[in-house]
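Source file: input_28.txt (compact mmCIF, C-alpha atoms)
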```txt
# COMPACT_ATOMS: atom_id res chain seq x y z
CA MET A 230 0.00 0.00 0.00
CA TRP A 231 1.17 3.51 -0.66
CA THR A 232 0.04 6.91 0.57
CA LEU A 233 -2.13 9.33 -1.40
CA SER A 234 -2.82 13.01 -0.82
CA ARG A 235 -6.20 13.60 0.75
CA PRO A 236 -8.99 14.85 -1.52
CA ILE A 237 -9.37 18.61 -1.64
CA TYR A 238 -13.17 18.45 -1.39
CA SER A 239 -14.97 18.38 1.93
CA ALA A 240 -17.95 16.20 2.74
CA ARG A 241 -20.16 19.29 2.64
CA ASP A 242 -18.83 20.19 -0.80
CA ALA A 243 -19.63 16.72 -2.11
CA PHE A 244 -23.01 16.37 -0.41
CA THR A 245 -24.17 19.85 -1.43
CA MET A 246 -23.29 19.19 -5.04
CA CYS A 247 -24.92 15.74 -4.94
CA ILE A 248 -28.28 17.07 -3.79
CA SER A 249 -28.21 20.29 -5.83
CA HIS A 250 -30.48 18.92 -8.57
CA VAL A 251 -32.94 16.82 -6.59
CA ARG A 252 -36.34 17.40 -8.22
CA ASP A 253 -38.53 16.18 -5.40
CA PRO A 254 -38.78 19.26 -3.10
CA GLN A 255 -39.66 17.18 -0.05
CA LEU A 256 -36.70 14.84 -0.53
CA GLN A 257 -34.37 17.76 -1.17
CA ALA A 258 -35.54 19.46 2.03
CA ARG A 259 -34.99 16.26 4.01
CA LEU A 260 -31.50 15.86 2.54
CA GLN A 261 -30.59 19.51 3.15
CA ALA A 262 -31.62 19.06 6.76
CA VAL A 263 -28.85 16.52 7.35
CA ALA A 264 -26.01 18.44 5.66
CA ASN A 265 -24.54 19.44 9.02
CA ILE A 266 -24.71 15.83 10.21
CA VAL A 267 -22.84 14.65 7.10
CA GLU A 268 -20.17 17.30 7.64
CA GLN A 269 -19.80 16.51 11.33
CA ALA A 270 -19.56 12.77 10.63
CA SER A 271 -16.73 13.39 8.17
CA ASP A 272 -14.89 15.57 10.70
CA GLU A 273 -15.24 12.84 13.32
CA TYR A 274 -14.07 10.26 10.80
CA GLU A 275 -10.95 12.29 10.07
CA ALA A 276 -10.18 12.67 13.76
CA ALA A 277 -10.64 8.92 14.25
CA ALA A 278 -8.41 8.09 11.28
CA LEU A 279 -5.66 10.32 12.63
CA THR A 280 -5.73 8.49 15.97
CA SER A 281 -6.08 4.95 14.56
CA SER A 282 -9.57 4.61 16.01
CA LEU A 283 -11.81 4.19 12.94
CA HIS A 284 -13.13 1.02 14.56
CA GLU A 285 -14.90 3.28 17.07
CA VAL A 286 -16.98 5.08 14.43
CA ALA A 287 -20.61 4.21 15.13
CA VAL A 288 -22.55 1.95 12.77
CA SER A 289 -26.00 3.29 11.86
CA GLY A 290 -28.69 2.62 9.26
CA LEU A 291 -29.95 6.20 9.35
CA VAL A 292 -28.55 9.63 8.60
CA GLY A 293 -30.15 11.97 11.06
CA ASP A 294 -33.67 10.93 12.01
CA ASP A 295 -35.18 9.85 8.72
CA ILE A 296 -32.73 9.64 5.79
CA THR A 297 -32.45 5.91 5.26
CA ARG A 298 -29.43 3.91 4.23
CA ASP A 299 -31.01 3.19 0.83
CA GLU A 300 -31.69 6.88 0.22
CA MET A 301 -28.13 7.80 1.10
CA GLU A 302 -26.70 5.03 -1.06
CA ARG A 303 -28.76 6.36 -3.97
CA VAL A 304 -27.27 9.82 -3.38
CA TYR A 305 -23.87 8.23 -3.99
CA THR A 306 -24.75 5.93 -6.88
CA THR A 307 -27.01 8.27 -8.86
CA ARG A 308 -25.65 11.70 -7.92
CA MET A 309 -21.92 11.05 -7.60
CA ALA A 310 -20.79 7.77 -9.15
CA ARG A 311 -22.97 7.80 -12.25
CA LYS A 312 -21.56 9.47 -15.36
CA GLY A 313 -23.09 12.89 -15.83
CA ALA A 314 -24.08 13.11 -12.16
CA PRO A 315 -23.79 16.52 -10.44
CA ALA A 316 -20.83 15.44 -8.27
CA ARG A 317 -19.20 13.15 -10.82
CA TYR A 318 -16.25 15.54 -11.18
CA ILE A 319 -15.36 14.90 -7.52
CA TYR A 320 -15.57 11.15 -8.15
CA ASP A 321 -13.33 11.49 -11.20
CA GLU A 322 -10.68 13.52 -9.37
CA ILE A 323 -10.45 10.97 -6.57
CA PHE A 324 -10.43 8.11 -9.10
CA SER A 325 -7.51 9.58 -11.03
CA ALA A 326 -5.38 10.51 -8.00
CA PRO A 327 -2.96 7.53 -7.96
CA ALA A 328 0.15 7.82 -10.10
CA HIS A 329 0.01 5.55 -13.14
CA GLY A 330 -3.57 4.57 -12.25
CA ARG A 331 -2.50 1.79 -9.87
CA CYS A 332 -4.57 0.67 -6.90
CA PRO A 333 -2.98 2.01 -3.69
CA LEU A 334 -4.33 -0.94 -1.67
CA CYS A 335 -2.45 -3.67 -3.54
CA GLY A 336 0.06 -1.48 -5.36
CA HIS A 337 -0.33 -3.44 -8.56
CA ARG A 338 -3.68 -3.68 -10.35
CA ALA A 339 -5.39 -0.84 -12.19
CA VAL A 340 -7.90 1.42 -10.43
CA LYS A 341 -11.43 0.55 -11.55
CA THR A 342 -13.70 1.99 -8.86
CA LEU A 343 -13.90 3.94 -5.61
CA ASP A 344 -13.91 1.89 -2.45
CA HIS A 345 -15.74 3.04 0.66
CA HIS A 346 -13.10 2.55 3.33
CA LEU A 347 -15.88 2.18 5.89
CA PRO A 348 -18.68 0.55 3.83
CA LYS A 349 -21.66 2.71 2.96
CA ALA A 350 -24.00 -0.18 3.83
CA HIS A 351 -23.11 0.27 7.50
CA TYR A 352 -21.94 3.90 7.54
CA PRO A 353 -24.34 5.65 5.12
CA VAL A 354 -23.57 9.08 6.57
CA LEU A 355 -20.10 8.69 5.00
CA ALA A 356 -21.39 7.54 1.60
CA VAL A 357 -20.20 10.66 -0.25
CA ALA A 358 -17.49 11.84 2.16
CA PRO A 359 -14.34 12.17 0.00
CA LEU A 360 -12.09 11.07 2.87
CA ASN A 361 -13.95 7.75 2.92
CA LEU A 362 -13.60 7.21 -0.83
CA VAL A 363 -10.42 5.48 -1.96
CA PRO A 364 -9.46 4.62 -5.57
CA ALA A 365 -9.14 0.84 -5.83
CA CYS A 366 -9.04 -2.11 -8.18
CA ASN A 367 -12.07 -4.39 -8.39
CA ASP A 368 -10.31 -7.25 -6.62
CA CYS A 369 -9.36 -5.19 -3.55
CA ASN A 370 -12.81 -3.61 -3.48
CA LYS A 371 -14.49 -7.04 -3.50
CA ALA A 372 -12.08 -8.49 -0.93
CA LYS A 373 -12.98 -5.73 1.52
CA LEU A 374 -16.72 -6.24 1.01
CA ASP A 375 -18.82 -4.73 3.82
CA THR A 376 -16.32 -5.38 6.60
CA ILE A 377 -17.02 -3.72 9.93
CA PRO A 378 -13.83 -3.39 11.99
CA GLY A 379 -14.34 -4.73 15.51
CA GLU A 380 -11.02 -3.49 16.86
CA ALA A 381 -8.15 -1.26 15.78
CA ALA A 382 -6.22 -4.17 14.24
CA ASP A 383 -9.16 -4.95 11.91
CA VAL A 384 -9.03 -1.60 10.11
CA PHE A 385 -7.66 -1.88 6.58
CA LEU A 386 -4.76 0.40 5.76
CA HIS A 387 -5.92 3.84 4.66
CA PRO A 388 -3.97 5.57 1.84
CA TYR A 389 -4.90 9.03 3.14
CA PHE A 390 -3.78 8.48 6.71
CA ASP A 391 -1.37 5.55 7.04
CA VAL A 392 2.25 6.22 6.07
CA ILE A 393 4.10 2.91 5.90
CA ASP A 394 6.33 3.24 2.86
CA ASN A 395 9.16 5.09 4.60
CA ARG A 396 10.64 1.75 5.75
CA ARG A 397 10.99 -1.68 4.20
CA TRP A 398 8.36 -4.15 5.33
CA LEU A 399 7.63 -6.34 2.30
CA ARG A 400 10.00 -9.30 1.99
CA ALA A 401 10.23 -12.51 -0.01
CA LYS A 402 11.93 -15.85 0.47
CA VAL A 403 13.11 -18.22 -2.23
CA ILE A 404 11.38 -21.60 -2.14
CA GLU A 405 13.71 -24.17 -3.66
CA THR A 406 11.35 -25.82 -6.09
CA HIS A 407 12.11 -26.45 -9.79
CA PRO A 408 12.11 -23.70 -10.91
CA ALA A 409 12.43 -21.68 -7.72
CA ALA A 410 9.35 -19.85 -6.43
CA LEU A 411 8.89 -17.01 -3.95
CA ARG A 412 6.91 -16.65 -0.74
CA PHE A 413 6.07 -13.07 0.13
CA TYR A 414 5.53 -11.95 3.71
CA VAL A 415 5.39 -8.91 5.98
CA GLU A 416 8.39 -8.16 8.18
CA PRO A 417 7.31 -5.21 10.35
CA PRO A 418 10.03 -2.68 11.25
CA PRO A 419 10.72 -2.50 15.00
CA GLN A 420 9.65 1.15 15.00
CA TRP A 421 6.02 0.18 14.30
CA ASP A 422 3.63 -0.21 17.20
CA ALA A 423 1.86 -3.52 17.76
CA VAL A 424 -1.44 -2.37 16.25
CA LEU A 425 0.15 -1.18 13.01
CA GLN A 426 2.03 -4.46 12.71
CA LEU A 427 -1.23 -6.38 13.00
CA ARG A 428 -3.04 -4.08 10.57
CA VAL A 429 -0.40 -4.43 7.87
CA ASN A 430 -0.35 -8.22 8.27
CA LYS A 431 -4.15 -8.44 8.11
CA HIS A 432 -4.32 -6.08 5.12
CA PHE A 433 -1.73 -8.26 3.34
CA GLN A 434 -3.56 -11.50 4.13
CA ARG A 435 -7.16 -10.42 3.55
CA LEU A 436 -6.38 -8.88 0.16
CA GLY A 437 -4.44 -11.99 -0.89
CA LEU A 438 -1.32 -9.98 -1.71
CA GLY A 439 1.08 -12.86 -1.08
CA GLU A 440 -0.60 -14.94 -3.77
CA LEU A 441 -0.83 -11.97 -6.16
CA TYR A 442 2.85 -11.11 -5.82
CA ALA A 443 3.95 -14.75 -6.09
CA SER A 444 2.05 -15.04 -9.36
CA GLU A 445 3.52 -11.83 -10.73
CA SER A 446 7.05 -12.80 -9.72
CA ALA A 447 6.66 -16.16 -11.48
CA GLU A 448 5.79 -14.30 -14.68
CA GLU A 449 8.73 -11.95 -14.12
CA LEU A 450 11.09 -14.89 -13.75
CA LEU A 451 9.75 -16.43 -16.95
CA ASN A 452 10.58 -13.21 -18.79
CA ILE A 453 14.16 -12.89 -17.50
CA ARG A 454 15.16 -16.56 -17.35
CA HIS A 455 16.80 -16.63 -20.78
CA GLN A 456 18.99 -13.65 -19.87
CA LEU A 457 20.01 -15.27 -16.57
CA VAL A 458 20.91 -18.52 -18.34
CA GLU A 459 23.19 -16.60 -20.71
CA ILE A 460 24.86 -14.64 -17.89
CA LEU A 461 25.44 -17.82 -15.91
CA ALA A 462 26.96 -19.58 -18.93
CA THR A 463 29.33 -16.78 -19.87
CA ASP A 464 30.21 -15.06 -16.57
CA GLY A 465 29.15 -17.37 -13.74
CA ALA A 466 26.89 -17.26 -10.70
CA MET A 467 28.48 -14.12 -9.21
CA ALA A 468 27.53 -12.16 -12.32
CA VAL A 469 23.95 -13.42 -12.05
CA GLN A 470 23.87 -12.30 -8.42
CA THR A 471 25.23 -8.88 -9.38
CA GLU A 472 22.61 -8.46 -12.10
CA LEU A 473 19.80 -9.41 -9.73
CA GLY A 474 21.12 -7.09 -7.02
CA SER A 475 21.28 -4.20 -9.48
CA ARG A 476 17.67 -4.82 -10.45
CA ALA A 477 16.69 -4.87 -6.77
CA VAL A 478 18.26 -1.44 -6.23
CA SER A 479 16.54 -0.05 -9.31
CA ALA A 480 13.16 -1.47 -8.25
CA ALA A 481 13.57 -0.04 -4.74
CA GLU A 482 14.09 3.43 -6.18
CA ALA A 483 10.64 3.18 -7.75
CA ARG A 484 8.80 1.24 -5.02
CA ARG A 485 10.54 0.52 -1.73
CA ASN A 486 7.86 -2.03 -0.86
CA GLY A 487 6.95 -3.13 -4.35
CA TRP A 488 6.85 -6.85 -5.12
CA ARG A 489 9.69 -6.48 -7.64
CA THR A 490 11.97 -5.02 -4.96
CA ALA A 491 11.22 -7.92 -2.61
CA ALA A 492 11.56 -10.47 -5.41
CA TYR A 493 14.92 -9.29 -6.73
CA ASP A 494 16.25 -8.89 -3.19
CA ALA A 495 15.35 -12.49 -2.40
CA TRP A 496 16.69 -13.84 -5.69
CA SER A 497 19.99 -11.98 -5.36
CA ALA A 498 20.46 -13.23 -1.78
CA SER A 499 20.08 -16.88 -2.78
CA ASP A 500 23.32 -18.59 -3.85
CA ARG A 501 21.37 -21.57 -5.14
CA PHE A 502 19.10 -19.39 -7.25
CA SER A 503 22.09 -17.54 -8.79
CA SER A 504 23.78 -20.85 -9.50
CA GLY A 505 20.94 -22.03 -11.71
CA GLY A 506 17.93 -22.38 -9.41
CA PHE A 507 16.02 -20.13 -11.77
CA SER A 508 15.99 -22.74 -14.55
CA ASP A 509 13.39 -25.43 -15.14
CA GLN A 510 15.92 -28.12 -14.27
CA GLY A 511 17.24 -26.39 -11.11
```

This structure in structure tokens:
Amino acid sequence: MWTLSRPIYSARDAFTMCISHVRDPQLQARLQAVANIVEQASDEYEAAALTSSLHEVAVSGLVGDDITRDEMERVYTTRMARKGAPARYIYDEIFSAPAHGRCPLCGHRAVKTLDHHLPKAHYPVLAVAPLNLVPACNDCNKAKLDTIPGEAADVFLHPYFDVIDNRRWLRAKVIETHPAALRFYVEPPPQWDAVLQLRVNKHFQRLGLGELYASESAEELLNIRHQLVEILATDGAMAVQTELGSRAVSAAEARRNGWRTAAYDAWSASDRFSSGGFSDQG
């Protein structure tokens, strides 16, 4: 996961724009009556996110006294997410925030949707709050589903509030099969507190990132195997190790905790891999 800048729009900005063209005067009046509640909920959400206490945000099926969950979900789907909707420009700006269009939750697949960090089915008051809307790939969005965090360790990593890329935490280990494979895992830095360590591990496991990265690294190995075979044949295992180490450094410059960085680090550290463990025959 990597960090994103927070959206520039407030919850009031988004909600006001969403309900600006409601034709039913009674519905519009009811929605306008909860604008302050929507704004306050977003402010409380931000405060909770900054103190790692999003699990304490109250679950509710109503916004105010009579705006139902279904009504609030329709505000999002028809007045923000739908193309041509009044607040679609806010949706589009959040959607396009990640560099290169990559999902910040897995760091690999393309952004396809906005994920409600706290699901709108259980937190409808946050349905259009920009701070609760995170660009994501379909797989990460589906893996999160409508999860309600029961404790601090259950809260998925939040790209707007959690800064974890300033230290290495993603590692890989060579599995000596034929050809060699990789097992990816989280190695928390000692500077992290216990809750953050648990959150990163759970985020990694629940989104299936180990399996994703193992699959991608297998494809990467397939693409570079011929080159490694030639280097081994002409210059020996030390030259293979040097090449892999150089690629690890280059990958780390781009993504300190990217799967390529972890993969090339692990490959370069394995004498057996550099001596031919990358080939089909081992």

Legend entry - Residues within 6 Å of segment 275-290 of chain A, all atoms listed in the file, excluding chain neighbours under 4 positions, as a ChimeraX atom specification: /A:298,351-352,378-381

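Once Thr232 of chain A and its same-chain neighbours fewer than 3 positions away are set aside, Pro388, Tyr389, Asp391 and Val392 of chain A remain within 7 Å of it when counting only C-alpha atoms.
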
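Near segment 323-327 of chain A, within 7 Å and counting only C-alpha atoms, sit Leu233, Pro236, Ile319, Tyr320, Asp321, His329, Gly330, Arg331, Pro333, Thr342, Leu343 and Pro364 of chain A; same-chain residues fewer than 2 positions away were not included.
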
Legend entry - Which residue of A:Asn430, A:Gln456, A:Thr306, A:Gln257 approaches Phe385 of chain A most closely, using only C-alpha atoms: A:Asn430

Legend entry - Non-local contacts of segment 420-427 of chain A (9 Å; all atoms listed in the file; under 2 positions in same chain excluded) as a ChimeraX atom specification: /A:281,381-383,386,415-418,429-432

Inset, instruction - Find the residue from A:Val469, A:Cys366, A:Leu256, A:Leu334 that sits nearest to Phe433 of chain A; use only C-alpha atoms when measuring. - result: A:Leu334

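In this comparison, which uses only C-alpha atoms, the residue of A:Glu405, A:Val304, A:Asp295, A:His250 approaching Ala356 of chain A most closely is A:Val304.
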
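Residue nearest Ala314 of chain A, chosen from A:Val363, A:Leu374, A:Met246, A:Val354 and counting all atoms listed in the file: A:Met246.
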
Taking the point (-24.1, 14.6, -12.1) as given in the file, collect each protein or nucleic acid residue that comes within 12 Å of it, counting only C-alpha atoms, and present the set as a PDB file with C-alpha atoms, keeping the file's coordinate frame.
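What ended up in selection07.pdb:
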```
ATOM      1  CA  ALA A 243     -19.630  16.720  -2.110  1.00  0.00           C
ATOM      2  CA  PHE A 244     -23.010  16.370  -0.410  1.00  0.00           C
ATOM      3  CA  THR A 245     -24.170  19.850  -1.430  1.00  0.00           C
ATOM      4  CA  MET A 246     -23.290  19.190  -5.040  1.00  0.00           C
ATOM      5  CA  CYS A 247     -24.920  15.740  -4.940  1.00  0.00           C
ATOM      6  CA  ILE A 248     -28.280  17.070  -3.790  1.00  0.00           C
ATOM      7  CA  SER A 249     -28.210  20.290  -5.830  1.00  0.00           C
ATOM      8  CA  HIS A 250     -30.480  18.920  -8.570  1.00  0.00           C
ATOM      9  CA  VAL A 251     -32.940  16.820  -6.590  1.00  0.00           C
ATOM     10  CA  VAL A 304     -27.270   9.820  -3.380  1.00  0.00           C
ATOM     11  CA  TYR A 305     -23.870   8.230  -3.990  1.00  0.00           C
ATOM     12  CA  THR A 306     -24.750   5.930  -6.880  1.00  0.00           C
ATOM     13  CA  THR A 307     -27.010   8.270  -8.860  1.00  0.00           C
ATOM     14  CA  ARG A 308     -25.650  11.700  -7.920  1.00  0.00           C
ATOM     15  CA  MET A 309     -21.920  11.050  -7.600  1.00  0.00           C
ATOM     16  CA  ALA A 310     -20.790   7.770  -9.150  1.00  0.00           C
ATOM     17  CA  ARG A 311     -22.970   7.800 -12.250  1.00  0.00           C
ATOM     18  CA  LYS A 312     -21.560   9.470 -15.360  1.00  0.00           C
ATOM     19  CA  GLY A 313     -23.090  12.890 -15.830  1.00  0.00           C
ATOM     20  CA  ALA A 314     -24.080  13.110 -12.160  1.00  0.00           C
ATOM     21  CA  PRO A 315     -23.790  16.520 -10.440  1.00  0.00           C
ATOM     22  CA  ALA A 316     -20.830  15.440  -8.270  1.00  0.00           C
ATOM     23  CA  ARG A 317     -19.200  13.150 -10.820  1.00  0.00           C
ATOM     24  CA  TYR A 318     -16.250  15.540 -11.180  1.00  0.00           C
ATOM     25  CA  ILE A 319     -15.360  14.900  -7.520  1.00  0.00           C
ATOM     26  CA  TYR A 320     -15.570  11.150  -8.150  1.00  0.00           C
ATOM     27  CA  ASP A 321     -13.330  11.490 -11.200  1.00  0.00           C
TER      28      ASP A 321
END
```

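A straight line drawn from atom CA of Ala358 of chain A to atom CA of Ala264 of chain A is 11.3 Å long.
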
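Each of A:Tyr414, A:Glu268, A:Tyr238, A:Lys371 was checked against Trp398 of chain A using only C-alpha atoms; the smallest atom-to-atom distance is that of A:Tyr414.
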
Inset, instruction - Go ahead and compute the interatomic distance for atom CA of Pro348 of chain A and atom CA of Ile237 of chain A, in Å to one decimal. - result: 21.0 Å

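What separates atom CA of Val292 of chain A from atom CA of Ala372 of chain A is a distance of 26.3 Å.
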